[in-house]
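> One file: structure_33.csv (CSV, N, CA and C atoms).
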```
chain,number,residue,atom,x,y,z
A,688,MET,N,0.8,-1.2,0.0
A,688,MET,CA,0.0,0.0,0.0
A,688,MET,C,0.9,1.3,0.0
A,689,ASN,N,2.1,1.2,0.6
A,689,ASN,CA,2.9,2.3,0.7
A,689,ASN,C,3.4,2.8,-0.7
A,690,ILE,N,3.6,1.8,-1.6
A,690,ILE,CA,4.1,2.1,-3.0
A,690,ILE,C,3.0,3.0,-3.7
A,691,PHE,N,1.8,2.8,-3.4
A,691,PHE,CA,0.7,3.6,-4.1
A,691,PHE,C,0.7,5.0,-3.5
A,692,GLY,N,1.0,5.2,-2.3
A,692,GLY,CA,1.2,6.5,-1.7
A,692,GLY,C,2.3,7.3,-2.3
A,693,TRP,N,3.4,6.6,-2.5
A,693,TRP,CA,4.6,7.2,-3.1
A,693,TRP,C,4.3,7.6,-4.6
A,694,LEU,N,3.7,6.7,-5.3
A,694,LEU,CA,3.4,6.9,-6.7
A,694,LEU,C,2.4,8.1,-6.8
A,695,ASN,N,1.5,8.2,-5.9
A,695,ASN,CA,0.5,9.3,-5.9
A,695,ASN,C,1.3,10.6,-5.7
A,696,ALA,N,2.2,10.6,-4.7
A,696,ALA,CA,2.9,11.9,-4.4
A,696,ALA,C,3.8,12.3,-5.6
A,697,GLN,N,4.5,11.3,-6.2
A,697,GLN,CA,5.4,11.6,-7.3
A,697,GLN,C,4.7,12.0,-8.6
A,698,LEU,N,3.7,11.3,-9.0
A,698,LEU,CA,3.1,11.5,-10.3
A,698,LEU,C,2.0,12.5,-10.2
A,699,LEU,N,1.0,12.3,-9.3
A,699,LEU,CA,-0.2,13.2,-9.3
A,699,LEU,C,0.1,14.5,-8.7
A,700,LYS,N,0.8,14.5,-7.6
A,700,LYS,CA,1.1,15.8,-6.9
A,700,LYS,C,2.4,16.5,-7.5
A,701,MET,N,3.0,15.8,-8.4
A,701,MET,CA,4.3,16.3,-9.0
A,701,MET,C,5.3,16.7,-8.0
A,702,LYS,N,5.5,15.9,-7.0
A,702,LYS,CA,6.5,16.2,-6.0
A,702,LYS,C,7.9,16.3,-6.6
A,703,TRP,N,8.1,15.5,-7.7
A,703,TRP,CA,9.4,15.5,-8.4
A,703,TRP,C,9.7,16.9,-8.9
A,704,LEU,N,8.7,17.6,-9.3
A,704,LEU,CA,8.9,19.0,-9.9
A,704,LEU,C,9.3,19.9,-8.7
A,705,TRP,N,8.6,19.8,-7.6
A,705,TRP,CA,8.9,20.6,-6.4
A,705,TRP,C,10.3,20.4,-6.0
A,706,ASP,N,10.8,19.1,-6.0
A,706,ASP,CA,12.1,18.8,-5.6
A,706,ASP,C,13.1,19.4,-6.5
A,707,LEU,N,12.8,19.4,-7.8
A,707,LEU,CA,13.7,19.9,-8.8
A,707,LEU,C,13.8,21.5,-8.6
A,708,VAL,N,12.7,22.1,-8.4
A,708,VAL,CA,12.8,23.6,-8.2
A,708,VAL,C,13.5,23.9,-6.9
A,709,GLU,N,13.3,23.1,-5.9
A,709,GLU,CA,14.0,23.3,-4.6
A,709,GLU,C,15.5,23.2,-4.8
A,710,LEU,N,15.9,22.2,-5.5
A,710,LEU,CA,17.3,21.9,-5.7
A,710,LEU,C,17.9,23.1,-6.5
A,711,LEU,N,17.2,23.6,-7.5
A,711,LEU,CA,17.7,24.7,-8.3
A,711,LEU,C,17.8,26.0,-7.5
A,712,VAL,N,16.8,26.3,-6.6
A,712,VAL,CA,16.9,27.5,-5.8
A,712,VAL,C,18.0,27.4,-4.8
A,713,ILE,N,18.2,26.3,-4.1
A,713,ILE,CA,19.2,26.1,-3.1
A,713,ILE,C,20.6,26.0,-3.6
A,714,ARG,N,20.8,25.2,-4.6
A,714,ARG,CA,22.1,24.9,-5.1
A,714,ARG,C,22.6,25.9,-6.1
A,715,VAL,N,21.8,26.3,-7.0
A,715,VAL,CA,22.2,27.2,-8.1
A,715,VAL,C,22.1,28.7,-7.7
A,716,PHE,N,21.0,29.1,-7.1
A,716,PHE,CA,20.8,30.5,-6.8
A,716,PHE,C,21.3,30.8,-5.4
A,717,LYS,N,21.6,29.8,-4.6
A,717,LYS,CA,22.1,29.9,-3.2
A,717,LYS,C,21.1,30.7,-2.3
A,718,LEU,N,19.8,30.4,-2.5
A,718,LEU,CA,18.8,31.1,-1.7
A,718,LEU,C,18.2,30.1,-0.7
A,719,SER,N,17.6,30.6,0.3
A,719,SER,CA,16.9,29.7,1.3
A,719,SER,C,15.4,29.5,0.9
A,720,MET,N,14.9,28.3,1.0
A,720,MET,CA,13.5,28.0,0.8
A,720,MET,C,12.6,28.5,1.9
A,721,ASP,N,13.3,28.8,3.0
A,721,ASP,CA,12.5,29.2,4.2
A,721,ASP,C,12.1,30.7,4.2
A,722,SER,N,12.7,31.5,3.4
A,722,SER,CA,12.4,32.9,3.4
A,722,SER,C,11.8,33.3,2.0
A,723,ARG,N,11.1,34.4,2.0
A,723,ARG,CA,10.5,34.9,0.8
A,723,ARG,C,11.5,35.9,0.2
A,724,ILE,N,11.4,36.0,-1.1
A,724,ILE,CA,12.2,37.0,-1.9
A,724,ILE,C,11.5,38.3,-2.0
A,725,GLY,N,12.1,39.4,-1.8
A,725,GLY,CA,11.5,40.7,-2.0
A,725,GLY,C,11.0,41.4,-0.8
A,726,GLY,N,11.3,41.0,0.3
A,726,GLY,CA,10.9,41.8,1.5
A,726,GLY,C,9.9,41.0,2.4
A,727,ARG,N,8.8,41.6,2.7
A,727,ARG,CA,7.9,41.1,3.7
A,727,ARG,C,7.6,39.7,3.6
```
Now, as a test, write the supplied structure out as structure tokens.

Amino acid sequence: MNIFGWLNAQLLKMKWLWDLVELLVIRVFKLSMDSRIGGR
């Protein structure tokens, strides 16, 4: 049953895309995912 939860997260919720964006922001742009860009 756990494999179906993983497939749902990866394929339907596009978790892989979020992980890719997070990797790009942290490693390439050297920004933190915890703070917002541009002030408040």
> When DSSP is applied to the backbone of this structure, which of chain A are assigned alpha helix (DSSP H)? Write them out as a PyMOL selection string.
chain A and resi 689-694+702-710
> So how far away is atom CA of A:Ile724 from atom N of A:Trp705, in Å?
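That distance, rounded to one decimal, is 18.5 Å.
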> Between atom CA of A:Phe691 and atom N of A:Val712, measure the distance and give it in Å to one decimal.
27.9 Å
> Can you tell me how far atom CA of A:Asp721 sits from atom CA of A:Val708, in Å to one decimal?
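Interatomic distance, atom CA of A:Asp721 to atom CA of A:Val708: 13.6 Å.
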